[in-house]
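Chemist: So here's start.cif (mmCIF, C-alpha atoms).
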data_work
#
loop_
_atom_site.label_atom_id
_atom_site.label_comp_id
_atom_site.auth_asym_id
_atom_site.auth_seq_id
_atom_site.Cartn_x
_atom_site.Cartn_y
_atom_site.Cartn_z
CA MET K 213 95.07 8.57 -9.62
CA VAL K 214 91.49 9.65 -8.80
CA VAL K 215 88.44 7.74 -7.66
CA TYR K 216 84.91 9.10 -7.70
CA LEU K 217 82.96 8.18 -4.58
CA LYS K 218 79.21 8.63 -4.51
CA ALA K 219 77.30 8.23 -1.27
CA GLY K 220 73.73 7.57 -0.26
CA SER K 221 71.73 9.47 2.37
CA ILE K 222 73.47 9.76 5.72
CA LEU K 223 76.93 9.13 4.26
CA ARG K 224 76.63 12.01 1.87
CA HIS K 225 77.33 14.78 4.36
CA LEU K 226 80.37 12.87 5.66
CA LEU K 227 81.67 12.42 2.13
CA LYS K 228 81.64 16.20 1.45
CA PRO K 229 80.79 15.99 -2.29
CA ASN K 230 82.85 18.28 -4.50
CA VAL K 231 81.83 17.18 -8.01
CA ASP K 232 78.04 17.18 -7.85
CA TYR K 233 75.34 16.62 -5.26
CA TYR K 234 76.51 13.10 -4.43
CA THR K 235 80.07 12.73 -5.65
CA ARG K 236 83.51 13.44 -4.29
CA CYS K 237 86.66 13.14 -6.34
CA VAL K 238 89.40 11.61 -4.24
CA LYS K 239 93.07 11.63 -5.17
CA THR K 240 94.82 8.49 -4.02
CA ASP K 241 97.79 6.28 -4.68
CA SER K 242 97.15 3.29 -6.92
CA GLY K 243 96.89 -0.04 -5.13
CA LYS K 244 94.94 1.32 -2.16
CA SER K 245 91.83 -0.57 -1.11
CA LEU K 246 88.46 1.12 -0.76
CA LYS K 247 88.76 0.72 3.00
CA GLU K 248 92.13 2.52 3.02
CA ILE K 249 90.81 5.30 0.80
CA LEU K 250 87.84 5.87 3.10
CA THR K 251 90.04 5.91 6.19
CA ASN K 252 92.41 8.41 4.56
CA ILE K 253 89.57 10.87 3.89
CA GLY K 254 88.21 10.53 7.42
CA ILE K 255 85.25 8.24 6.81
CA ASN K 256 84.81 5.26 9.14
CA PRO K 257 84.50 2.18 6.89
CA GLY K 258 82.15 0.71 9.51
CA LEU K 259 79.53 3.21 8.33
CA VAL K 260 79.41 1.57 4.90
CA ALA K 261 76.90 -1.28 4.72
CA PHE K 262 77.95 -2.14 1.19
CA ALA K 263 79.46 -0.58 -1.92
CA TYR K 264 78.95 -1.15 -5.62
CA THR K 265 80.41 -0.25 -8.97
CA ARG K 266 79.35 -1.01 -12.55
CA GLY K 267 76.22 -2.75 -11.35
CA LYS K 268 77.90 -5.15 -8.92
CA VAL K 269 78.57 -5.21 -5.20
CA ILE K 270 82.20 -4.96 -4.09
CA GLY K 271 83.88 -5.48 -0.74
CA LEU K 272 85.82 -2.86 1.18
CA ASP K 273 89.01 -4.69 0.24
CA TYR K 274 88.37 -3.87 -3.41
CA ILE K 275 91.16 -1.96 -5.15
CA PRO K 276 89.77 0.68 -7.54
CA PHE K 277 91.32 1.68 -10.84
CA ASP K 278 91.98 5.23 -12.00
CA GLY K 279 88.79 7.15 -12.71
CA GLN K 280 86.44 4.53 -11.31
CA ASN K 281 83.00 5.45 -9.91
CA ILE K 282 81.99 3.71 -6.68
CA THR K 283 78.76 4.13 -4.72
CA LEU K 284 78.75 3.73 -0.94
CA GLN K 285 75.59 2.82 0.93
CA PRO K 286 75.10 3.32 4.67
CA PRO K 287 72.99 0.97 6.81
CA VAL K 288 69.36 1.23 5.77
CA SER K 289 67.01 -0.58 8.10
CA GLY K 290 63.75 1.31 8.42
CA GLY K 291 60.41 -0.12 7.47
CA MET L 72 41.97 -21.59 -9.03
CA THR L 73 38.88 -20.36 -10.86
CA LEU L 74 37.54 -16.84 -10.62
CA SER L 75 33.96 -15.90 -9.84
CA ASP L 76 32.14 -13.38 -12.03
CA ARG L 77 32.52 -10.77 -9.29
CA GLU L 78 36.27 -11.41 -9.11
CA LYS L 79 36.56 -11.09 -12.88
CA GLU L 80 34.85 -7.74 -12.60
CA ILE L 81 37.25 -6.55 -9.90
CA TYR L 82 40.29 -7.64 -11.88
CA SER L 83 38.92 -6.79 -15.32
CA ARG L 84 41.57 -4.17 -16.11
CA GLN L 85 44.56 -6.30 -15.18
CA LEU L 86 43.17 -9.36 -16.94
CA LEU L 87 43.86 -7.42 -20.12
CA VAL L 88 47.56 -7.03 -19.30
CA PRO L 89 49.82 -9.38 -21.30
CA GLU L 90 51.25 -12.27 -19.22
CA TRP L 91 48.97 -11.49 -16.28
CA ASP L 92 47.87 -14.78 -14.63
CA GLN L 93 45.16 -14.02 -12.10
CA GLU L 94 44.41 -17.66 -11.35
CA LYS L 95 48.02 -18.35 -10.53
CA LEU L 96 48.06 -15.31 -8.23
CA LYS L 97 44.88 -16.51 -6.54
CA GLY L 98 46.61 -19.77 -5.76
CA ALA L 99 49.55 -18.04 -4.04
CA LYS L 100 50.20 -17.24 -0.41
CA ALA L 101 52.41 -14.46 0.95
CA VAL L 102 53.47 -13.60 4.46
CA ILE L 103 54.25 -9.97 5.35
CA VAL L 104 56.41 -9.57 8.45
CA GLY L 105 56.09 -6.04 9.81
CA MET L 106 52.99 -3.91 9.18
CA GLY L 107 54.51 -0.45 9.36
CA GLY L 108 55.06 1.90 6.45
CA ILE L 109 56.33 -0.66 3.96
CA GLY L 110 53.98 -3.43 5.10
CA SER L 111 50.94 -1.13 4.86
CA SER L 112 51.75 -0.41 1.24
CA SER L 113 52.74 -3.91 0.14
CA SER L 114 49.69 -5.50 1.79
CA LEU L 115 47.35 -2.93 0.24
CA TYR L 116 48.58 -3.58 -3.29
CA LEU L 117 48.85 -7.35 -2.92
CA THR L 118 45.24 -7.36 -1.72
CA ALA L 119 44.08 -5.13 -4.53
CA ALA L 120 45.91 -7.34 -7.04
CA GLY L 121 44.09 -10.40 -5.74
CA ILE L 122 46.69 -12.61 -4.14
CA GLY L 123 45.00 -15.74 -2.74
CA LYS L 124 46.18 -15.67 0.85
CA LEU L 125 47.95 -13.10 2.95
CA ARG L 126 49.39 -13.64 6.41
CA LEU L 127 50.17 -10.46 8.36
CA CYS L 128 52.56 -10.49 11.29
CA ASP L 129 53.25 -7.65 13.72
CA GLY L 130 52.94 -7.30 17.50
CA ASP L 131 52.78 -3.53 17.49
CA ARG L 132 49.96 -1.09 18.20
CA ILE L 133 49.29 2.01 16.16
CA GLU L 134 50.72 5.34 17.34
CA ARG L 135 49.88 8.81 16.09
CA SER L 136 53.41 9.19 14.72
CA ASP L 137 52.71 6.24 12.38
CA LEU L 138 49.99 8.05 10.47
CA ASN L 139 52.24 9.94 8.05
CA ARG L 140 53.24 6.72 6.28
CA GLN L 141 51.24 3.72 7.54
CA ILE L 142 48.43 4.32 5.15
CA LEU L 143 46.14 1.50 6.26
CA PHE L 144 45.42 3.35 9.50
CA ASN L 145 43.70 6.56 10.55
CA GLY L 146 43.14 8.62 13.69
CA LYS L 147 40.61 6.15 15.07
CA SER L 148 43.17 3.35 14.76
CA VAL L 149 45.50 4.79 17.41
CA GLY L 150 46.10 2.28 20.20
CA LYS L 151 44.77 -0.70 18.28
CA LEU L 152 46.75 -3.70 17.06
CA LYS L 153 48.19 -3.11 13.59
CA VAL L 154 47.32 -6.53 12.20
CA ASN L 155 43.68 -6.29 13.29
CA GLU L 156 43.20 -2.83 11.81
CA ALA L 157 45.02 -3.88 8.66
CA MET L 158 42.83 -6.94 8.21
CA GLN L 159 39.63 -4.88 8.50
CA ARG L 160 40.86 -2.39 5.94
CA LEU L 161 42.12 -5.03 3.51
CA ILE L 162 38.98 -7.16 3.70
CA SER L 163 36.86 -4.12 2.90
CA LEU L 164 39.08 -3.50 -0.14
CA ASN L 165 38.95 -7.06 -1.43
CA PRO L 166 36.92 -9.75 0.36
CA TYR L 167 38.25 -12.45 -1.99
CA VAL L 168 41.68 -12.43 -0.38
CA GLU L 169 41.97 -14.77 2.59
CA ILE L 170 43.70 -12.86 5.38
CA GLU L 171 45.27 -14.34 8.46
CA THR L 172 46.90 -12.40 11.29
CA ILE L 173 49.60 -13.06 13.87
CA SER L 174 49.65 -10.33 16.53
CA ASP L 175 53.16 -11.03 17.69
CA PHE L 176 56.68 -9.84 17.01
CA MET L 177 58.77 -12.30 15.05
CA ASN L 178 61.57 -13.97 17.01
CA GLU L 179 63.73 -17.08 16.72
CA GLN L 180 61.05 -19.20 18.44
CA ASN L 181 58.02 -18.29 16.35
CA ALA L 182 59.63 -17.43 13.02
CA GLU L 183 59.28 -20.89 11.50
CA ARG L 184 55.55 -20.91 12.26
CA ILE L 185 55.15 -17.42 10.79
CA VAL L 186 56.61 -18.27 7.38
CA LYS L 187 55.47 -21.89 7.00
CA ASP L 188 53.45 -22.79 3.92
CA SER L 189 54.18 -19.43 2.31
CA ASP L 190 55.13 -19.09 -1.34
CA ILE L 191 56.91 -15.80 -0.72
CA ILE L 192 58.09 -13.68 2.22
CA ILE L 193 57.63 -9.90 2.13
CA ASP L 194 59.85 -7.84 4.41
CA GLY L 195 58.16 -5.00 6.29
CA LEU L 196 60.60 -5.00 9.19
CA ASP L 197 62.28 -2.03 10.86
CA ASN L 198 65.53 -3.61 12.00
CA ASN L 199 68.24 -5.64 10.31
CA GLU L 200 68.60 -8.20 13.10
CA SER L 201 65.08 -9.47 12.35
CA ARG L 202 65.84 -9.33 8.64
CA PHE L 203 68.66 -11.78 9.13
CA THR L 204 66.27 -14.10 10.99
CA LEU L 205 63.89 -13.89 8.05
CA ASN L 206 66.76 -14.46 5.65
CA LYS L 207 67.81 -17.58 7.54
CA LEU L 208 64.31 -18.98 7.13
CA SER L 209 64.23 -18.06 3.47
CA VAL L 210 67.44 -20.05 2.98
CA SER L 211 66.48 -23.07 5.10
CA ASN L 212 62.93 -23.34 3.73
CA GLN L 213 63.80 -22.23 0.19
CA ILE L 214 61.11 -19.55 0.21
CA PRO L 215 61.84 -16.44 -1.91
CA TYR L 216 62.33 -13.30 0.15
CA VAL L 217 61.43 -9.79 -0.99
CA TYR L 218 63.65 -7.46 1.02
CA GLY L 219 62.65 -3.86 1.62
CA ALA L 220 64.19 -1.08 3.68
CA VAL L 221 64.08 2.72 3.90
CA HIS L 222 66.08 5.57 5.37
CA GLY L 223 65.55 9.27 4.80
CA TRP L 224 64.97 9.69 1.09
CA GLU L 225 66.39 6.31 0.03
CA GLY L 226 64.91 2.88 -0.22
CA PHE L 227 65.93 -0.61 -1.28
CA VAL L 228 64.04 -3.56 -2.73
CA GLY L 229 65.62 -6.93 -3.41
CA LEU L 230 64.30 -10.34 -4.40
CA PHE L 231 66.39 -13.21 -3.08
CA ASN L 232 65.62 -16.81 -3.93
CA PRO L 233 68.33 -19.06 -2.50
CA PRO L 234 69.77 -21.43 -3.51
CA HIS L 235 69.12 -20.12 -7.05
CA THR L 236 70.36 -16.65 -6.15
CA ALA L 237 72.31 -14.88 -3.45
CA CYS L 238 70.67 -14.28 -0.09
CA LEU L 239 70.55 -11.06 1.91
CA ALA L 240 73.67 -11.92 3.87
CA CYS L 241 75.70 -12.36 0.67
CA PHE L 242 76.09 -8.58 0.52
CA LEU L 243 74.81 -7.11 3.79
CA ASP L 244 77.17 -7.31 6.72
CA ARG L 245 75.47 -8.31 9.94
CA ASP L 246 77.99 -6.38 12.00
CA VAL L 247 77.59 -3.06 10.23
CA GLN L 248 77.11 -0.10 12.57
CA LYS L 249 73.50 0.23 13.69
CA VAL L 250 71.42 3.38 13.47
CA ASP L 251 69.12 3.93 16.43
CA VAL L 252 66.79 6.67 15.22
CA ILE L 253 65.62 6.24 11.67
CA PRO L 254 64.38 9.30 9.79
CA VAL L 255 62.01 8.42 6.97
CA SER L 256 60.17 10.48 4.39
CA GLY L 257 56.49 9.57 4.81
CA LEU L 258 56.16 8.96 1.08
CA LEU L 259 59.04 6.58 0.59
CA PRO L 260 57.70 3.44 2.35
CA GLY L 261 54.68 3.66 0.08
CA ILE L 262 56.89 3.51 -3.01
CA ILE L 263 59.07 0.71 -1.67
CA GLY L 264 56.10 -1.38 -0.52
CA LEU L 265 54.46 -0.95 -3.91
CA ILE L 266 57.59 -2.10 -5.74
CA GLN L 267 57.85 -5.08 -3.39
CA ALA L 268 54.24 -6.00 -4.21
CA SER L 269 54.87 -5.58 -7.92
CA GLU L 270 57.96 -7.79 -7.91
CA ALA L 271 56.25 -10.39 -5.72
CA VAL L 272 53.25 -10.54 -8.06
CA LYS L 273 55.47 -10.89 -11.13
CA PHE L 274 57.48 -13.65 -9.47
CA LEU L 275 54.37 -15.54 -8.33
CA MET L 276 52.87 -15.36 -11.80
CA GLY L 277 56.07 -16.69 -13.32
CA ILE L 278 57.07 -13.52 -15.16
CA GLU L 279 60.82 -13.84 -15.60
CA ARG L 280 61.72 -10.16 -15.84
CA ASN L 281 61.74 -9.43 -12.12
CA LEU L 282 64.27 -8.41 -9.48
CA GLU L 283 65.38 -11.95 -8.66
CA GLY L 284 69.02 -11.81 -7.56
CA HIS L 285 69.14 -8.02 -7.79
CA LEU L 286 68.83 -4.97 -5.57
CA PHE L 287 66.87 -1.87 -6.56
CA VAL L 288 68.37 1.26 -4.95
CA TYR L 289 66.05 4.26 -5.11
CA ASP L 290 66.83 7.90 -4.28
CA SER L 291 63.50 9.68 -4.04
CA GLN L 292 65.07 13.08 -3.40
CA ASN L 293 66.81 13.13 -6.76
CA LEU L 294 64.53 10.69 -8.58
CA THR L 295 67.34 8.34 -9.53
CA PHE L 296 67.77 4.62 -9.17
CA ASP L 297 70.28 1.83 -9.67
CA ILE L 298 69.67 -1.88 -10.17
CA ILE L 299 72.63 -3.91 -9.05
CA GLU L 300 73.34 -7.60 -9.33
CA ILE L 301 73.94 -9.43 -6.05
CA GLU L 302 76.31 -12.32 -6.63
CA LYS L 303 76.38 -15.37 -4.42
CA ASN L 304 79.08 -15.07 -1.80
CA SER L 305 81.03 -18.30 -1.40
CA ASN L 306 81.78 -17.30 2.23
CA CYS L 307 78.20 -16.37 3.11
CA PRO L 308 77.42 -17.55 6.65
CA PHE L 309 73.82 -18.31 5.65
CA CYS L 310 73.68 -19.84 2.20
CA SER L 311 77.16 -21.00 1.23
CA THR L 312 77.07 -24.35 3.11
#
Can you present the structure in this file as C-alpha cells?

Modeler:
Amino acid sequence: MVVYLKAGSILRHLLKPNVDYYTRCVKTDSGKSLKEILTNIGINPGLVAFAYTRGKVIGLDYIPFDGQNITLQPPVSGG
Amino acid sequence: MTLSDREKEIYSRQLLVPEWDQEKLKGAKAVIVGMGGIGSSSSLYLTAAGIGKLRLCDGDRIERSDLNRQILFNGKSVGKLKVNEAMQRLISLNPYVEIETISDFMNEQNAERIVKDSDIIIDGLDNNESRFTLNKLSVSNQIPYVYGAVHGWEGFVGLFNPPHTACLACFLDRDVQKVDVIPVSGLLPGIIGLIQASEAVKFLMGIERNLEGHLFVYDSQNLTFDIIEIEKNSNCPFCST
C-alpha cells in the first residue's frame, strides 16, 4: 500500500518530497505504524512534534490505511 | 464598562461590526508573556482594539537583530528593556488601555503572579519549556491560553481552554527534540501575533466561532493553512487528572 506524507518546514528536506513541494509517496506494508514507516525511510521519529490527518492529531503509533494523507510537524518553538 | 466620547471615536469603525462588544472588551484583562516578534504584534493589535488591561512580561533587552520582526521597537530602542519600550509605544497608540509591565523572565517561582487575575493568557514565548509552564498555569487556574509559535515560514496559533478543551500538552510532546537556533521569517511573527489577538478578542467578546480547542497551522511560503481539532488526551500529564 502507499501513504502520502506531507511535512512542515525543517522536516521537508528530510522527507525528500516526490509528489509535490511537500509530499512524499511512501510504499509500505499494511499494518505498519507511522513510527515504523518513518524509521524505514530514514526519518528519526523524534523529529516529529506531532502529526495529523483529516483534521485531527494522531500519535506515532497510528496505523495508516492505503492512500492516506498524513502531515508531520517538526518542533516549532520560536516567538 | 462605559466608553467615553473619545473612545467611541477611536473605535467608531469596529463599533459598526456585527457582534462587536467594545464594552465587554474594555472590561477584559490579558497577559502577554514574551515581548518578541509575536508579542510585539499581539500587544499592538490588542491595544488598538481597546482591550481594558494588558500586562506585559519579558526580562529581555532589545538587540539590533530584533528589529526585523519586533515591530514595537526601533534603532533608538536598542539596549532598553522590551517591556518599557513596548509600554511607551502602546500608550501613545491608545492611552485608554491600562498597561502594566513585569521586567522579568517567567519561571516556576513568579509564573503564578504573572498570570493572576487575567482573563486570558497570550503566548509570546520563544521556548517550549516555558510554554509548558504557562500551560500548567492555564490548567490549574482555568485561564484560556492562546498559544503561538513560529519557525522559518510556518506558524501555529491555538486556543486552549481547559477543562472545556484540550490543553497544549494533549498534543505536544514535552520530550520532543529541541531546536537550538530558530530561523524565522521577519514577517511571520506579525501574522501569528495578529491572529492571536483576533482570536483572543473574539473569545473575550463571547463570539463562539473562534479557535477554541483547535490549532491553526499556517505556511506563509505557500500561503496555505490547516485548522485541526485538538482532542483531549485522557493520558495528558497536565489536564487529565

Chemist: Residues near segment 229-241 of chain L, anyone? I mean within 6 Å using only C-alpha atoms, not counting same-chain ones fewer than 5 positions away, as number ranges by chain.

Modeler: L: 210, 215-218, 282-286, 302-304, 307

Chemist: What does the distance from atom CA of Lys268 of chain K to atom CA of Ala101 of chain L come to in Å, to one decimal?

Modeler: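 Between atom CA of Lys268 of chain K and atom CA of Ala101 of chain L the gap is 28.9 Å.
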
Chemist: For this structure, which residues satisfy the selection - the PyMOL selection byres ((chain L) within 7 of (chain K)) - when it is evaluated on the file as given? I want them as a count of residues only.

Modeler: 26

Chemist: Would you mind listing what lies within 8 Å of Tyr289 of chain L as a ChimeraX atom specification, with only C-alpha atoms counted and same-chain residues fewer than 6 positions away left out?

Modeler: /L:225-227,295-297

Chemist: Taking 6 positions as the minimum chain separation for residues in the same chain, which residues sit within 10 Å of Gln280 of chain K when counting all atoms listed in the file? Answer as number ranges by chain.

Modeler: K: 213-217, 237, 265-266

Chemist: Residues proximal to (46.3, -9.2, -1.6) were defined as those with any atom within 10 Å of that point in the file's coordinates, counting all atoms listed in the file. Which are they, as number ranges by chain?

Modeler: L: 96-97, 99-101, 113-126, 161-162, 164-170, 268, 272

Chemist: Write out as an MDAnalysis selection string each polymer residue whose atoms come within 12 Å of Lys147 of chain L, counting all atoms listed in the file; drop sequence neighbours fewer than 5 positions from it.

Modeler: chainID L and resid 133:135 138 152 156

Chemist: Kindly export the residues of the current selection with C-alpha atoms, as a compact mmCIF listing (two decimals), in the frame of the given file.

Modeler:
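Contents of result_38.txt, freshly written:
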# COMPACT_ATOMS: atom_id res chain seq x y z
CA ILE L 133 49.29 2.01 16.16
CA GLU L 134 50.72 5.34 17.34
CA ARG L 135 49.88 8.81 16.09
CA LEU L 138 49.99 8.05 10.47
CA LEU L 152 46.75 -3.70 17.06
CA GLU L 156 43.20 -2.83 11.81

Chemist: So how many Å separate atom CA of Asn212 of chain L and atom CA of Phe287 of chain L, to one decimal?

Modeler: 24.1 Å

Chemist: Written as an MDAnalysis selection string, what is the full residue list that the PyMOL selection byres ((chain K and resi 236) around 12) yields on the file shown?

Modeler: chainID K and resid 214:219 223:235 237:239 250 253 279:284

Chemist: What is the distance, in Å and to one decimal place, between atom CA of Phe176 of chain L and atom CA of Gly105 of chain L?

Modeler: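 Interatomic distance here is 8.2 Å.
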
Chemist: Quick one: what's the axis-aligned box for segment 113-119 of chain L, all listed atoms, 6 Å on every side, centre and edges in Å to one decimal, as AutoDock Vina command-line options?

Modeler:
--center_x 48.4 --center_y -5.1 --center_z -1.4 --size_x 20.7 --size_y 16.4 --size_z 18.3

Chemist: Name the residues that the PyMOL selection byres ((chain L and resi 144) around 9) picks from the file above, as a list in words, using the file's chain letters and numbers.

Modeler: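 Applying the expression gives Ser111, Ile133, Asp137, Leu138, Gln141, Ile142, Leu143, Asn145, Gly146, Lys147, Ser148, Val149, Lys153, Glu156, Ala157 and Arg160 of chain L.
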
Chemist: Give the answer as one residue: which of L:Glu270, L:Gln159, L:Asp76, L:Glu200 has the shortest atom-to-atom distance to Asn178 of chain L, using all atoms listed in the file?

Modeler: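 Closest to Asn178 of chain L of all the choices is L:Glu200.
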
Chemist: Complete the atoms of segment 174-189 of chain L to N, CA and C atoms and put them out as an mmCIF file, in the frame of the given file.

Modeler:
data_model
loop_
_atom_site.group_PDB
_atom_site.id
_atom_site.type_symbol
_atom_site.label_atom_id
_atom_site.label_comp_id
_atom_site.auth_asym_id
_atom_site.auth_seq_id
_atom_site.Cartn_x
_atom_site.Cartn_y
_atom_site.Cartn_z
ATOM 1 N N SER L 174 49.369 -11.568 15.773
ATOM 2 C CA SER L 174 49.650 -10.330 16.530
ATOM 3 C C SER L 174 50.796 -10.570 17.491
ATOM 4 N N ASP L 175 51.969 -10.758 16.897
ATOM 5 C CA ASP L 175 53.160 -11.030 17.690
ATOM 6 C C ASP L 175 54.366 -10.523 16.912
ATOM 7 N N PHE L 176 55.428 -10.208 17.651
ATOM 8 C CA PHE L 176 56.680 -9.840 17.010
ATOM 9 C C PHE L 176 57.419 -11.121 16.638
ATOM 10 N N MET L 177 58.020 -11.121 15.474
ATOM 11 C CA MET L 177 58.770 -12.300 15.050
ATOM 12 C C MET L 177 60.036 -12.459 15.895
ATOM 13 N N ASN L 178 60.317 -13.687 16.294
ATOM 14 C CA ASN L 178 61.570 -13.970 17.010
ATOM 15 C C ASN L 178 62.051 -15.347 16.567
ATOM 16 N N GLU L 179 63.148 -15.795 17.128
ATOM 17 C CA GLU L 179 63.730 -17.080 16.720
ATOM 18 C C GLU L 179 62.776 -18.237 17.010
ATOM 19 N N GLN L 180 61.927 -18.090 18.029
ATOM 20 C CA GLN L 180 61.050 -19.200 18.440
ATOM 21 C C GLN L 180 59.827 -19.329 17.553
ATOM 22 N N ASN L 181 59.275 -18.211 17.120
ATOM 23 C CA ASN L 181 58.020 -18.290 16.350
ATOM 24 C C ASN L 181 58.209 -18.092 14.846
ATOM 25 N N ALA L 182 59.403 -17.803 14.421
ATOM 26 C CA ALA L 182 59.630 -17.430 13.020
ATOM 27 C C ALA L 182 59.255 -18.540 12.039
ATOM 28 N N GLU L 183 59.584 -19.763 12.397
ATOM 29 C CA GLU L 183 59.280 -20.890 11.500
ATOM 30 C C GLU L 183 57.782 -20.991 11.267
ATOM 31 N N ARG L 184 57.021 -20.842 12.332
ATOM 32 C CA ARG L 184 55.550 -20.910 12.260
ATOM 33 C C ARG L 184 55.013 -19.765 11.412
ATOM 34 N N ILE L 185 55.634 -18.599 11.507
ATOM 35 C CA ILE L 185 55.150 -17.420 10.790
ATOM 36 C C ILE L 185 55.283 -17.601 9.281
ATOM 37 N N VAL L 186 56.371 -18.198 8.830
ATOM 38 C CA VAL L 186 56.610 -18.270 7.380
ATOM 39 C C VAL L 186 56.148 -19.596 6.760
ATOM 40 N N LYS L 187 55.770 -20.557 7.564
ATOM 41 C CA LYS L 187 55.470 -21.890 7.000
ATOM 42 C C LYS L 187 54.341 -21.829 5.985
ATOM 43 N N ASP L 188 54.447 -22.660 4.989
ATOM 44 C CA ASP L 188 53.450 -22.790 3.920
ATOM 45 C C ASP L 188 53.363 -21.573 3.006
ATOM 46 N N SER L 189 54.256 -20.616 3.164
ATOM 47 C CA SER L 189 54.180 -19.430 2.310
ATOM 48 C C SER L 189 54.940 -19.662 1.007
#
